Amino acid sequence: AAKLSFAQQARTDQQIGYYQQMLKRNPRNVTALLGLGDALIRKARETGDPSYFSRAEEALKKSLDIMPKNFRAARALAYVFYSRHEFGSAVAQARRAIEMNPEDGDSYGILGDALLEVGQYAEAEAAYDYMIELEQSLYSYSRRAGLKNMRGDSASAIVDLERAVALGKAAQQPSESIAWTEWQLGMEYFGLGDLRKAEQSFQQSLESYPNYYRGLAG
């Protein structure tokens with residue numbers, strides 16, 4: 001399991017190195033800047049080290065300086081702001097990404113996340129509902145589960161999280177994303193006092209992504 005976890009993180013490191021080499025040849029390569037930003041965000045999620053978000057921000061801002069209408073870079077930058085709890089900036093940046101591409105479900109998801117954190121629950125719910133209309137995925141259902149948790153509806157949150165895990169596995173989403181959702185499922189069960197199911201969910205999280213720090217903490 002430890003070897004598998006190391007291999008997954010090493011793969012992310014290889015991608016970071018690959019895009020850095022591309023940028024040495026051409027510092028204005030928008031594709032490489034976006035790829036580097038995405039890989040650094042993934043590294044931050046895998047390790048829990050927030051310094052990778054700052055490095056991702058630098059790459060993504062350079063990408064947007066060169067190509068201002070790049071909605072993927074705008075969306076990724078909104079996620080960086082959200083992850084650093086800069087919720088006002090995350091809302092504004094997510095709205096910019098949506099203006100560039102109104103059919104991008106992930107931008108609505110990040111918008112909903114940031115709105116939820118500042119207490120704008122109705123607006124967050126509308127963003128999540130529209131995301132689910134655009135895509136039924138691990139990301140859309142796990143986000144709606146967060147809103148249901150905030151409302152104290154753990155039973156419905158668990159249903160959405162289980163659906164999210166199944167969709168994530170079927171679509172072969174990144175193992176860390178699946179592990180995060182399984183960890184969140186464990187937290188729901190823990191909150192209900194069902195320690196057996198909580199433990200099962202945390203163990204499943206560690207099977208999906210060995211040595212995952214959230215799963216270990218759970």
# chains A, B, ... in the order shown; residues from 1 in each chain; ligands from 1
>>> residues_around(residues="Met150 in chain A", least_positions_apart="3", cutoff="12 Å", atoms="only C-alpha atoms", output="list in words")
Asp113, Leu116, Glu117, Gly119, Gln120, Tyr121, Ala124, Glu125, Arg143, Arg144, Ala145, Gly146, Leu147, Asp153, Ser154, Ser156, Ala157 and Glu188 of chain A
>>> residues_around(residues="range 35-48 of chain A", least_positions_apart="6", cutoff="7 Å", atoms="only C-alpha atoms", output="list of chain:residue names")
A:Thr12, A:Gln15, A:Ile16, A:Tyr19, A:Arg55, A:Ala56, A:Glu57, A:Ala59, A:Leu60, A:Glu176
>>> write_last_selection(atoms="N, CA and C atoms", output="PDB file, in the first residue's frame")
ATOM      1  N   THR A  12       2.398  12.428  -9.836  1.00  0.00           N
ATOM      2  CA  THR A  12       2.096  13.862  -9.808  1.00  0.00           C
ATOM      3  C   THR A  12       3.387  14.676  -9.901  1.00  0.00           C
ATOM      4  N   GLN A  15       4.549  14.789 -13.419  1.00  0.00           N
ATOM      5  CA  GLN A  15       3.782  15.729 -14.240  1.00  0.00           C
ATOM      6  C   GLN A  15       4.224  17.164 -13.977  1.00  0.00           C
ATOM      7  N   ILE A  16       4.480  17.496 -12.710  1.00  0.00           N
ATOM      8  CA  ILE A  16       4.970  18.830 -12.382  1.00  0.00           C
ATOM      9  C   ILE A  16       6.299  19.085 -13.099  1.00  0.00           C
ATOM     10  N   TYR A  19       5.845  19.607 -17.003  1.00  0.00           N
ATOM     11  CA  TYR A  19       5.366  20.938 -17.404  1.00  0.00           C
ATOM     12  C   TYR A  19       6.423  22.009 -17.132  1.00  0.00           C
ATOM     13  N   ARG A  55       2.007  28.170  -5.480  1.00  0.00           N
ATOM     14  CA  ARG A  55       2.717  27.926  -6.736  1.00  0.00           C
ATOM     15  C   ARG A  55       1.736  27.753  -7.889  1.00  0.00           C
ATOM     16  N   ALA A  56       0.611  27.100  -7.616  1.00  0.00           N
ATOM     17  CA  ALA A  56      -0.415  26.937  -8.652  1.00  0.00           C
ATOM     18  C   ALA A  56      -0.975  28.291  -9.057  1.00  0.00           C
ATOM     19  N   GLU A  57      -1.220  29.163  -8.074  1.00  0.00           N
ATOM     20  CA  GLU A  57      -1.750  30.496  -8.373  1.00  0.00           C
ATOM     21  C   GLU A  57      -0.823  31.242  -9.330  1.00  0.00           C
ATOM     22  N   ALA A  59       1.282  30.054 -11.567  1.00  0.00           N
ATOM     23  CA  ALA A  59       1.203  29.501 -12.922  1.00  0.00           C
ATOM     24  C   ALA A  59      -0.108  29.869 -13.602  1.00  0.00           C
ATOM     25  N   LEU A  60      -1.200  29.806 -12.863  1.00  0.00           N
ATOM     26  CA  LEU A  60      -2.512  30.069 -13.453  1.00  0.00           C
ATOM     27  C   LEU A  60      -2.673  31.545 -13.814  1.00  0.00           C
ATOM     28  N   GLU A 176      -7.457  10.065  -5.425  1.00  0.00           N
ATOM     29  CA  GLU A 176      -7.564  10.966  -4.275  1.00  0.00           C
ATOM     30  C   GLU A 176      -8.966  11.540  -4.154  1.00  0.00           C
TER      31      GLU A 176
END
>>> closest_residue(among="A:Arg84, A:Ala32, A:Glu99, A:Tyr52", to="Lys69 in chain A", atoms="only C-alpha atoms")
A:Glu99
>>> atom_distance(atom1="CA of Gln173 in chain A", atom2="CA of Val91 in chain A")
25.2 Å
>>> residues_around(residues="Leu185 in chain A", least_positions_apart="5", cutoff="7 Å", atoms="only C-alpha atoms", output="list in words")
Ile158, Leu161 and Ser201 of chain A
>>> write_last_selection(atoms="all heavy atoms", output="short mmCIF file (atom, residue, chain, number, x, y, z; two decimals), in the first residue's frame")
data_model
loop_
_atom_site.label_atom_id
_atom_site.label_comp_id
_atom_site.auth_asym_id
_atom_site.auth_seq_id
_atom_site.Cartn_x
_atom_site.Cartn_y
_atom_site.Cartn_z
N ILE A 158 -25.60 11.11 3.05
CA ILE A 158 -24.99 9.79 2.86
C ILE A 158 -25.41 9.19 1.52
O ILE A 158 -24.59 8.61 0.79
CB ILE A 158 -25.36 8.87 4.03
CG1 ILE A 158 -24.56 9.28 5.28
CG2 ILE A 158 -25.11 7.40 3.70
CD1 ILE A 158 -25.01 8.63 6.57
N LEU A 161 -23.39 10.92 -1.14
CA LEU A 161 -21.98 10.54 -1.11
C LEU A 161 -21.77 9.14 -1.66
O LEU A 161 -20.79 8.88 -2.37
CB LEU A 161 -21.44 10.64 0.31
CG LEU A 161 -21.23 12.07 0.83
CD1 LEU A 161 -20.98 12.06 2.33
CD2 LEU A 161 -20.08 12.75 0.11
N SER A 201 -15.69 3.17 6.19
CA SER A 201 -15.50 4.21 5.18
C SER A 201 -14.07 4.75 5.19
O SER A 201 -13.48 4.96 4.12
CB SER A 201 -16.49 5.36 5.42
OG SER A 201 -17.83 4.90 5.30
#
>>> residues_around(residues="Leu138 in chain A", least_positions_apart="2", cutoff="10 Å", atoms="only C-alpha atoms", output="PyMOL selection string")
chain A and resi 135-136+140-143+160-171+173+177-178+181
>>> write_last_selection(atoms="N, CA and C atoms", output="JSON list (two decimals), in the first residue's frame")
[["chain", "number", "residue", "atom", "x", "y", "z"],
["A", 135, "GLU", "N", -23.96, 17.91, -15.20],
["A", 135, "GLU", "CA", -23.17, 16.68, -15.06],
["A", 135, "GLU", "C", -23.53, 15.94, -13.78],
["A", 136, "GLN", "N", -23.84, 14.67, -13.91],
["A", 136, "GLN", "CA", -24.05, 13.82, -12.75],
["A", 136, "GLN", "C", -22.74, 13.08, -12.50],
["A", 140, "SER", "N", -20.37, 16.61, -8.48],
["A", 140, "SER", "CA", -21.64, 17.29, -8.26],
["A", 140, "SER", "C", -22.39, 16.71, -7.06],
["A", 141, "TYR", "N", -22.43, 15.39, -6.94],
["A", 141, "TYR", "CA", -23.17, 14.79, -5.83],
["A", 141, "TYR", "C", -22.47, 14.98, -4.48],
["A", 142, "SER", "N", -21.14, 14.96, -4.48],
["A", 142, "SER", "CA", -20.44, 15.17, -3.20],
["A", 142, "SER", "C", -20.63, 16.60, -2.72],
["A", 143, "ARG", "N", -20.75, 17.54, -3.65],
["A", 143, "ARG", "CA", -20.98, 18.93, -3.25],
["A", 143, "ARG", "C", -22.38, 19.10, -2.67],
["A", 160, "ASP", "N", -26.21, 10.81, -1.21],
["A", 160, "ASP", "CA", -25.49, 11.51, -2.26],
["A", 160, "ASP", "C", -24.01, 11.11, -2.31],
["A", 161, "LEU", "N", -23.39, 10.92, -1.14],
["A", 161, "LEU", "CA", -21.98, 10.54, -1.11],
["A", 161, "LEU", "C", -21.77, 9.14, -1.66],
["A", 162, "GLU", "N", -22.68, 8.22, -1.34],
["A", 162, "GLU", "CA", -22.57, 6.87, -1.89],
["A", 162, "GLU", "C", -22.72, 6.88, -3.40],
["A", 163, "ARG", "N", -23.65, 7.72, -3.88],
["A", 163, "ARG", "CA", -23.82, 7.89, -5.33],
["A", 163, "ARG", "C", -22.56, 8.49, -5.95],
["A", 164, "ALA", "N", -21.96, 9.45, -5.26],
["A", 164, "ALA", "CA", -20.75, 10.09, -5.75],
["A", 164, "ALA", "C", -19.61, 9.09, -5.88],
["A", 165, "VAL", "N", -19.44, 8.24, -4.87],
["A", 165, "VAL", "CA", -18.36, 7.24, -4.91],
["A", 165, "VAL", "C", -18.57, 6.29, -6.10],
["A", 166, "ALA", "N", -19.80, 5.83, -6.27],
["A", 166, "ALA", "CA", -20.08, 4.90, -7.38],
["A", 166, "ALA", "C", -19.80, 5.55, -8.73],
["A", 167, "LEU", "N", -20.23, 6.80, -8.90],
["A", 167, "LEU", "CA", -19.99, 7.51, -10.16],
["A", 167, "LEU", "C", -18.50, 7.76, -10.37],
["A", 168, "GLY", "N", -17.80, 8.08, -9.30],
["A", 168, "GLY", "CA", -16.37, 8.33, -9.41],
["A", 168, "GLY", "C", -15.60, 7.10, -9.84],
["A", 169, "LYS", "N", -15.96, 5.96, -9.27],
["A", 169, "LYS", "CA", -15.29, 4.71, -9.65],
["A", 169, "LYS", "C", -15.62, 4.32, -11.08],
["A", 170, "ALA", "N", -16.88, 4.49, -11.46],
["A", 170, "ALA", "CA", -17.29, 4.13, -12.82],
["A", 170, "ALA", "C", -16.58, 4.99, -13.86],
["A", 171, "ALA", "N", -16.37, 6.26, -13.52],
["A", 171, "ALA", "CA", -15.72, 7.19, -14.46],
["A", 171, "ALA", "C", -14.20, 7.20, -14.31],
["A", 173, "GLN", "N", -12.33, 8.34, -11.90],
["A", 173, "GLN", "CA", -11.83, 9.63, -11.44],
["A", 173, "GLN", "C", -10.56, 9.43, -10.62],
["A", 177, "SER", "N", -9.60, 11.83, -5.30],
["A", 177, "SER", "CA", -10.96, 12.37, -5.26],
["A", 177, "SER", "C", -11.94, 11.34, -4.70],
["A", 178, "ILE", "N", -11.77, 10.09, -5.11],
["A", 178, "ILE", "CA", -12.63, 9.03, -4.58],
["A", 178, "ILE", "C", -12.38, 8.85, -3.08],
["A", 181, "THR", "N", -14.06, 11.48, -0.98],
["A", 181, "THR", "CA", -15.50, 11.27, -0.84],
["A", 181, "THR", "C", -15.79, 10.16, 0.16]]
>>> atom_distance(atom1="CA of Ser205 in chain A", atom2="CA of Ala217 in chain A")
11.0 Å
>>> residues_around(residues="Phe87 in chain A", least_positions_apart="3", cutoff="6 Å", atoms="only C-alpha atoms", output="ChimeraX atom specification")
/A:82,90,114
>>> write_last_selection(atoms="N, CA, C and O atoms", output="compact mmCIF listing (two decimals), in the first residue's frame")
# COMPACT_ATOMS: atom_id res chain seq x y z
N TYR A 82 -10.57 29.34 -3.14
CA TYR A 82 -11.46 28.65 -2.21
C TYR A 82 -10.67 27.82 -1.21
O TYR A 82 -10.96 27.83 -0.01
N ALA A 90 -12.86 33.76 -4.49
CA ALA A 90 -13.29 32.53 -5.16
C ALA A 90 -14.62 32.72 -5.87
O ALA A 90 -14.80 32.27 -7.01
N ALA A 114 -17.93 28.17 -2.50
CA ALA A 114 -17.57 29.45 -1.89
C ALA A 114 -18.79 30.15 -1.30
O ALA A 114 -18.72 30.72 -0.20
>>> closest_residue(among="A:Met22, A:Ala126, A:Met100, A:Met187", to="Phe71 in chain A", atoms="only C-alpha atoms")
A:Met100
>>> closest_residue(among="A:Glu86, A:Gln93, A:Arg72, A:Ala155", to="Asp106 in chain A", atoms="only C-alpha atoms")
A:Arg72
